[in-house]
>>> print(open('data20.txt').read())   # compact mmCIF, C-alpha atoms and all ligand atoms
# COMPACT_ATOMS: atom_id res chain seq x y z
CA MET A 2 87.99 105.71 52.42
CA SER A 3 87.49 102.83 50.05
CA ALA A 4 84.96 100.13 50.87
CA ASP A 5 87.84 97.78 51.71
CA ASP A 6 89.40 100.25 54.11
CA THR A 7 86.05 100.79 55.78
CA ALA A 8 85.50 97.05 56.19
CA GLY A 9 88.99 96.64 57.61
CA ARG A 10 88.53 99.45 60.08
CA ARG A 11 85.15 98.11 61.12
CA ALA A 12 86.67 94.67 61.78
CA GLN A 13 89.44 96.24 63.84
CA LEU A 14 87.03 98.32 65.92
CA LEU A 15 84.78 95.32 66.43
CA SER A 16 87.68 93.19 67.62
CA ASN A 17 88.92 95.91 69.99
CA LEU A 18 85.42 96.46 71.32
CA ARG A 19 85.01 92.76 72.02
CA THR A 20 88.24 92.74 74.00
CA VAL A 21 87.20 95.79 76.01
CA ARG A 22 83.75 94.36 76.67
CA GLU A 23 85.32 91.12 77.86
CA ARG A 24 87.53 93.08 80.26
CA ILE A 25 84.46 94.90 81.56
CA ASP A 26 82.52 91.64 81.96
CA THR A 27 85.37 89.96 83.81
CA ALA A 28 85.88 92.91 86.15
CA CYS A 29 82.15 93.16 86.82
CA ARG A 30 81.86 89.45 87.52
CA ALA A 31 84.69 89.63 90.05
CA GLU A 32 82.86 92.43 91.82
CA GLY A 33 79.34 91.01 91.62
CA ARG A 34 78.34 93.92 89.40
CA ARG A 35 76.30 93.79 86.22
CA PRO A 36 77.95 94.98 83.00
CA THR A 37 74.69 96.75 82.17
CA GLU A 38 75.40 99.16 85.05
CA ILE A 39 78.35 100.45 83.06
CA THR A 40 78.30 102.91 80.19
CA LEU A 41 81.23 102.60 77.83
CA ILE A 42 82.22 105.96 76.37
CA ALA A 43 84.44 105.65 73.29
CA VAL A 44 86.94 108.50 73.34
CA THR A 45 87.37 109.42 69.67
CA LYS A 46 89.74 112.39 70.00
CA PHE A 47 92.21 112.41 67.11
CA PHE A 48 90.09 109.94 65.13
CA PRO A 49 87.76 110.89 62.27
CA ALA A 50 83.99 111.11 62.15
CA SER A 51 84.01 107.93 60.05
CA ASP A 52 85.12 106.04 63.18
CA VAL A 53 82.28 107.58 65.17
CA ARG A 54 79.89 106.34 62.54
CA LEU A 55 81.36 102.80 62.62
CA LEU A 56 81.21 102.74 66.42
CA ALA A 57 77.56 103.76 66.34
CA GLU A 58 76.87 100.97 63.87
CA LEU A 59 78.62 98.60 66.30
CA GLY A 60 76.34 99.74 69.11
CA VAL A 61 78.45 102.38 70.84
CA HIS A 62 76.49 105.62 71.01
CA ASP A 63 78.37 107.34 73.83
CA ILE A 64 81.23 109.35 72.38
CA GLY A 65 83.88 111.33 74.29
CA GLU A 66 85.93 114.26 73.03
CA ASN A 67 88.31 116.56 74.86
CA ARG A 68 88.93 119.52 72.58
CA ASP A 69 86.19 121.92 71.66
CA GLN A 70 87.10 122.72 68.09
CA GLU A 71 87.71 119.12 67.12
CA ALA A 72 84.54 117.95 68.87
CA ARG A 73 82.37 120.64 67.33
CA GLU A 74 83.57 119.92 63.81
CA LYS A 75 83.23 116.18 64.25
CA VAL A 76 79.69 116.19 65.63
CA ARG A 77 78.56 118.39 62.74
CA ASP A 78 80.07 116.14 60.13
CA PRO A 79 77.32 115.35 57.60
CA SER A 80 78.18 111.64 57.77
CA LEU A 81 76.89 111.54 61.36
CA GLU A 82 73.51 113.01 60.55
CA GLY A 83 70.64 110.94 61.87
CA LEU A 84 72.71 108.99 64.42
CA SER A 85 71.52 109.34 67.96
CA LEU A 86 74.75 109.96 69.82
CA THR A 87 75.34 111.05 73.39
CA MET A 88 78.26 113.47 73.38
CA HIS A 89 80.50 113.62 76.42
CA PHE A 90 82.92 116.51 76.68
CA ILE A 91 85.70 115.12 78.87
CA GLY A 92 88.40 117.80 78.54
CA GLN A 93 89.11 120.98 80.42
CA VAL A 94 86.60 123.68 79.47
CA GLN A 95 87.80 127.23 78.99
CA THR A 96 85.21 129.78 80.07
CA ASN A 97 85.23 131.40 76.63
CA LYS A 98 84.29 128.05 75.05
CA CYS A 99 81.19 127.40 77.16
CA ALA A 100 78.70 128.52 74.50
CA SER A 101 80.28 126.21 71.98
CA VAL A 102 80.57 123.22 74.32
CA VAL A 103 76.95 123.43 75.53
CA SER A 104 75.77 123.59 71.92
CA TYR A 105 76.65 119.90 71.37
CA ALA A 106 77.64 118.31 74.69
CA ASP A 107 75.05 116.22 76.49
CA ALA A 108 77.40 115.72 79.44
CA ILE A 109 80.38 117.79 80.57
CA HIS A 110 82.77 115.77 82.71
CA ALA A 111 85.56 118.06 83.86
CA VAL A 112 83.92 120.87 85.80
CA ASP A 113 86.26 121.96 88.54
CA ARG A 114 85.63 125.55 89.54
CA PRO A 115 82.73 127.81 90.54
CA LYS A 116 83.47 130.31 87.78
CA LEU A 117 83.07 127.58 85.18
CA VAL A 118 79.78 126.46 86.74
CA ALA A 119 78.45 130.02 86.42
CA ALA A 120 79.67 130.38 82.83
CA LEU A 121 78.24 127.01 81.75
CA ASP A 122 74.93 127.80 83.41
CA ARG A 123 74.66 131.12 81.55
CA ALA A 124 75.63 129.54 78.25
CA ALA A 125 73.18 126.66 78.69
CA ALA A 126 70.37 129.03 79.64
CA SER A 127 70.86 131.15 76.56
CA ALA A 128 71.08 128.07 74.33
CA GLY A 129 67.98 126.53 75.91
CA ARG A 130 70.00 123.45 76.87
CA ARG A 131 70.48 121.62 80.17
CA PRO A 132 73.62 119.47 80.01
CA LYS A 133 74.59 116.95 82.64
CA VAL A 134 77.60 118.11 84.61
CA LEU A 135 80.19 116.12 86.54
CA VAL A 136 82.46 117.56 89.18
CA GLN A 137 86.05 116.66 88.38
CA VAL A 138 87.87 115.61 91.52
CA GLY A 139 91.65 116.04 91.59
CA LEU A 140 93.26 112.90 92.95
CA ASP A 141 96.71 114.29 92.46
CA ASP A 142 98.45 116.12 95.22
CA GLU A 143 100.16 118.37 92.72
CA PRO A 144 97.84 121.04 91.38
CA GLY A 145 97.51 121.89 87.70
CA ARG A 146 96.14 118.68 86.22
CA GLY A 147 92.57 119.74 86.79
CA GLY A 148 90.04 118.83 89.40
CA VAL A 149 88.77 120.34 92.60
CA SER A 150 90.24 119.03 95.84
CA PRO A 151 88.26 116.21 97.46
CA ALA A 152 87.54 118.55 100.37
CA ALA A 153 85.97 121.20 98.13
CA ALA A 154 84.09 118.83 95.80
CA GLY A 155 80.89 118.84 97.85
CA ARG A 156 80.61 122.60 97.73
CA LEU A 157 81.15 122.64 93.99
CA ALA A 158 78.47 119.94 93.56
CA ASP A 159 76.08 122.12 95.57
CA ALA A 160 76.79 124.99 93.17
CA VAL A 161 76.06 122.80 90.14
CA ARG A 162 72.86 121.58 91.78
CA GLN A 163 71.77 125.19 92.24
CA ALA A 164 72.45 126.14 88.62
CA ALA A 165 69.06 126.11 86.90
CA SER A 166 70.36 125.12 83.47
CA LEU A 167 72.76 122.38 84.60
CA GLU A 168 71.95 118.90 85.84
CA LEU A 169 74.31 117.50 88.46
CA ALA A 170 75.13 113.99 87.23
CA GLY A 171 78.01 112.96 89.51
CA VAL A 172 81.79 113.01 89.70
CA MET A 173 84.71 112.31 87.40
CA ALA A 174 88.42 111.76 87.87
CA VAL A 175 91.61 110.74 86.14
CA ALA A 176 93.96 108.53 88.16
CA PRO A 177 97.30 110.24 88.86
CA LEU A 178 100.08 109.38 86.39
CA GLY A 179 102.23 106.60 87.75
CA GLY A 180 100.18 106.29 90.92
CA ASP A 181 98.11 103.38 92.22
CA PRO A 182 94.71 103.65 90.50
CA ASP A 183 93.01 101.56 93.21
CA ALA A 184 94.03 103.99 95.92
CA ALA A 185 92.97 106.96 93.78
CA PHE A 186 89.60 105.50 92.82
CA ALA A 187 88.90 104.46 96.41
CA ARG A 188 89.32 108.11 97.35
CA LEU A 189 87.06 109.14 94.50
CA ARG A 190 84.36 106.78 95.65
CA THR A 191 84.36 108.30 99.11
CA VAL A 192 83.86 111.73 97.56
CA ALA A 193 81.14 110.36 95.27
CA ASP A 194 79.31 108.76 98.20
CA GLY A 195 79.34 112.03 100.11
CA ILE A 196 77.92 113.94 97.16
CA ARG A 197 75.30 111.27 96.51
CA ALA A 198 74.17 111.44 100.14
CA ALA A 199 73.37 115.13 99.61
CA HIS A 200 72.15 114.77 96.00
CA PRO A 201 70.68 111.33 95.31
CA GLY A 202 70.45 112.08 91.58
CA ALA A 203 74.23 112.40 91.27
CA THR A 204 74.66 108.75 90.32
CA TRP A 205 77.45 108.94 87.75
CA LEU A 206 81.00 108.01 88.61
CA SER A 207 83.15 108.62 85.54
CA ALA A 208 86.50 106.91 86.01
CA GLY A 209 88.62 104.38 84.23
CA MET A 210 90.46 104.59 80.92
CA SER A 211 92.14 102.00 78.72
CA GLY A 212 94.81 101.19 81.30
CA ASP A 213 92.84 101.19 84.52
CA LEU A 214 89.23 100.34 83.79
CA GLU A 215 89.29 97.25 86.02
CA ALA A 216 90.36 99.33 89.03
CA ALA A 217 87.62 101.84 88.26
CA ILE A 218 85.00 99.08 88.11
CA ARG A 219 86.21 97.79 91.48
CA HIS A 220 85.51 101.21 92.96
CA GLY A 221 82.07 101.80 91.56
CA ALA A 222 82.63 103.42 88.16
CA THR A 223 79.44 103.80 86.14
CA HIS A 224 81.05 105.45 83.10
CA LEU A 225 84.34 104.38 81.53
CA ARG A 226 86.18 106.69 79.13
CA VAL A 227 88.10 104.40 76.82
CA GLY A 228 90.15 105.69 73.90
CA SER A 229 93.20 103.77 72.73
CA ALA A 230 91.96 100.29 73.68
CA ILE A 231 89.11 100.79 71.20
CA LEU A 232 90.46 103.18 68.57
CA GLY A 233 94.16 102.34 68.65
CA SER A 234 97.04 104.51 69.69
CA ARG A 235 97.03 108.25 69.15
CA PRO A 236 99.97 110.38 68.07
CA ALA A 237 102.04 110.99 71.21
CA LEU A 238 102.10 114.76 70.92
CA ARG A 239 98.97 116.82 70.87
C1 LIG B 1 92.02 110.71 76.27
C2 LIG B 1 91.25 110.58 77.51
C3 LIG B 1 90.74 109.33 77.92
C4 LIG B 1 90.99 108.03 77.17
O1 LIG B 1 92.29 107.60 77.40
P1 LIG B 1 92.83 106.18 76.89
O2 LIG B 1 93.99 105.92 77.77
O3 LIG B 1 93.18 106.34 75.47
O4 LIG B 1 91.73 105.20 77.10
C5 LIG B 1 89.98 109.29 79.08
N1 LIG B 1 89.75 110.40 79.81
C6 LIG B 1 90.22 111.61 79.46
C7 LIG B 1 89.92 112.78 80.31
C8 LIG B 1 90.98 111.74 78.30
O5 LIG B 1 91.44 112.95 77.95
>>> encode(input="data20.txt", output="structure tokens", more="lines below")
Ligand SMILES: *Cc1c(COP(=O)(O)O)cnc(C)c1O
Amino acid sequence: MSADDTAGRRAQLLSNLRTVRERIDTACRAEGRRPTEITLIAVTKFFPASDVRLLAELGVHDIGENRDQEAREKVRDPSLEGLSLTMHFIGQVQTNKCASVVSYADAIHAVDRPKLVAALDRAAASAGRRPKVLVQVGLDDEPGRGGVSPAAAGRLADAVRQAASLELAGVMAVAPLGGDPDAAFARLRTVADGIRAAHPGATWLSAGMSGDLEAAIRHGATHLRVGSAILGSRPALR
């Protein structure tokens, strides 16, 4: 990219970030929450490492990715050397990708089955890593979009807690398509409270994207995963 292009992109990201931060501040104020309780994760899937670098320069060090190959290549990009980033893997994890994902992910958000817990634990142990893990709760009544049922989430959290090389951080969810995010996130909070009662360290509640971050903040989100509102729109097909 030319210097002009870089400056233009930086200005665009800065302006988008300001808008998102204002939305967060307003939602927090309405709820009596402090914006500092909230971690903004910029979801950079589909966007180049140069954007990750600009975001870091603008003060955003939490980066989210949802596909292993893309994430792995991006985090190893030489232009990111020396930045202290926290990498959040927010996509579905295939068991055969665990070794790769634990090699760079500091937090893995979408853990939804005991087999995956076991595979991540083995991979983390052999890599000498101990990633944070979030239990993905399915708020959809139709299966297939990922997430353990609210009724089974506690048991899965117990399994993560017992895995020596994983750190149980909390819960994560995606609001159902076309549904009411407030109703979904209220359900998520109940699950999160139950898990926190058993495991006080499980403080993270990862919920809220570009379209529904206010609802997530109303229901206790601690981590927002925001892509398009910061980076711009992605190609529709992936
Ligand atoms: C892409 C993605 C996001 C960000 O979505 P936007 O609507 O672009 O903010 C958040 N969470 C997950 C799991 C994603 O895959």
>>> residues_around(input="data20.txt", residues="Arg54 of chain A", least_positions_apart="4", cutoff="12 Å", atoms="all atoms listed in the file", output="list of chain:residue names")
A:Thr7, A:Arg10, A:Arg11, A:Leu14, A:Ala43, A:Thr45, A:Phe48, A:Pro49, A:Ala50, A:Glu58, A:Leu59, A:Gly60, A:Val61, A:His62, A:Asp63, A:Ile64, A:Lys75, A:Val76, A:Asp78, A:Pro79, A:Ser80, A:Leu81, A:Glu82, A:Gly83, A:Leu84, A:Ser85, A:Leu86
>>> residues_near_ligand(input="data20.txt", ligand="ligand LIG 1 (chain B)", cutoff="12 Å", atoms="all atoms listed in the file", output="number ranges by chain")
A: 21, 41-48, 64-68, 89-94, 109-112, 137-139, 146-148, 173-178, 207-214, 224-237, 239
>>> closest_residue(input="data20.txt", among="A:Ala160, A:Leu15, A:Ala185, A:Ala216", to="His200 of chain A", atoms="only C-alpha atoms")
A:Ala160
>>> atom_distance(input="data20.txt", atom1="atom CA of Ala4 of chain A", atom2="atom CA of Glu23 of chain A")
28.5 Å
>>> residues_around(input="data20.txt", residues="Thr27 of chain A", least_positions_apart="3", cutoff="12 Å", atoms="only C-alpha atoms", output="PyMOL selection string")
chain A and resi 20-24+30-36+214-216+218-219
>>> write_last_selection(input="data20.txt", atoms="C-alpha atoms", output="mmCIF file, keeping the file's coordinate frame")
data_model
loop_
_atom_site.group_PDB
_atom_site.id
_atom_site.type_symbol
_atom_site.label_atom_id
_atom_site.label_comp_id
_atom_site.auth_asym_id
_atom_site.auth_seq_id
_atom_site.Cartn_x
_atom_site.Cartn_y
_atom_site.Cartn_z
ATOM 1 C CA THR A 20 88.240 92.740 74.000
ATOM 2 C CA VAL A 21 87.200 95.790 76.010
ATOM 3 C CA ARG A 22 83.750 94.360 76.670
ATOM 4 C CA GLU A 23 85.320 91.120 77.860
ATOM 5 C CA ARG A 24 87.530 93.080 80.260
ATOM 6 C CA ARG A 30 81.860 89.450 87.520
ATOM 7 C CA ALA A 31 84.690 89.630 90.050
ATOM 8 C CA GLU A 32 82.860 92.430 91.820
ATOM 9 C CA GLY A 33 79.340 91.010 91.620
ATOM 10 C CA ARG A 34 78.340 93.920 89.400
ATOM 11 C CA ARG A 35 76.300 93.790 86.220
ATOM 12 C CA PRO A 36 77.950 94.980 83.000
ATOM 13 C CA LEU A 214 89.230 100.340 83.790
ATOM 14 C CA GLU A 215 89.290 97.250 86.020
ATOM 15 C CA ALA A 216 90.360 99.330 89.030
ATOM 16 C CA ILE A 218 85.000 99.080 88.110
ATOM 17 C CA ARG A 219 86.210 97.790 91.480
#
>>> atom_distance(input="data20.txt", atom1="atom CA of Asp159 of chain A", atom2="atom CA of Lys116 of chain A")
13.5 Å
>>> residues_near_point(input="data20.txt", point="(72.7, 119.1, 81.7)", cutoff="6 Å", atoms="all atoms listed in the file", output="list of chain:residue names")
A:Arg131, A:Pro132, A:Lys133, A:Val134, A:Leu167, A:Glu168
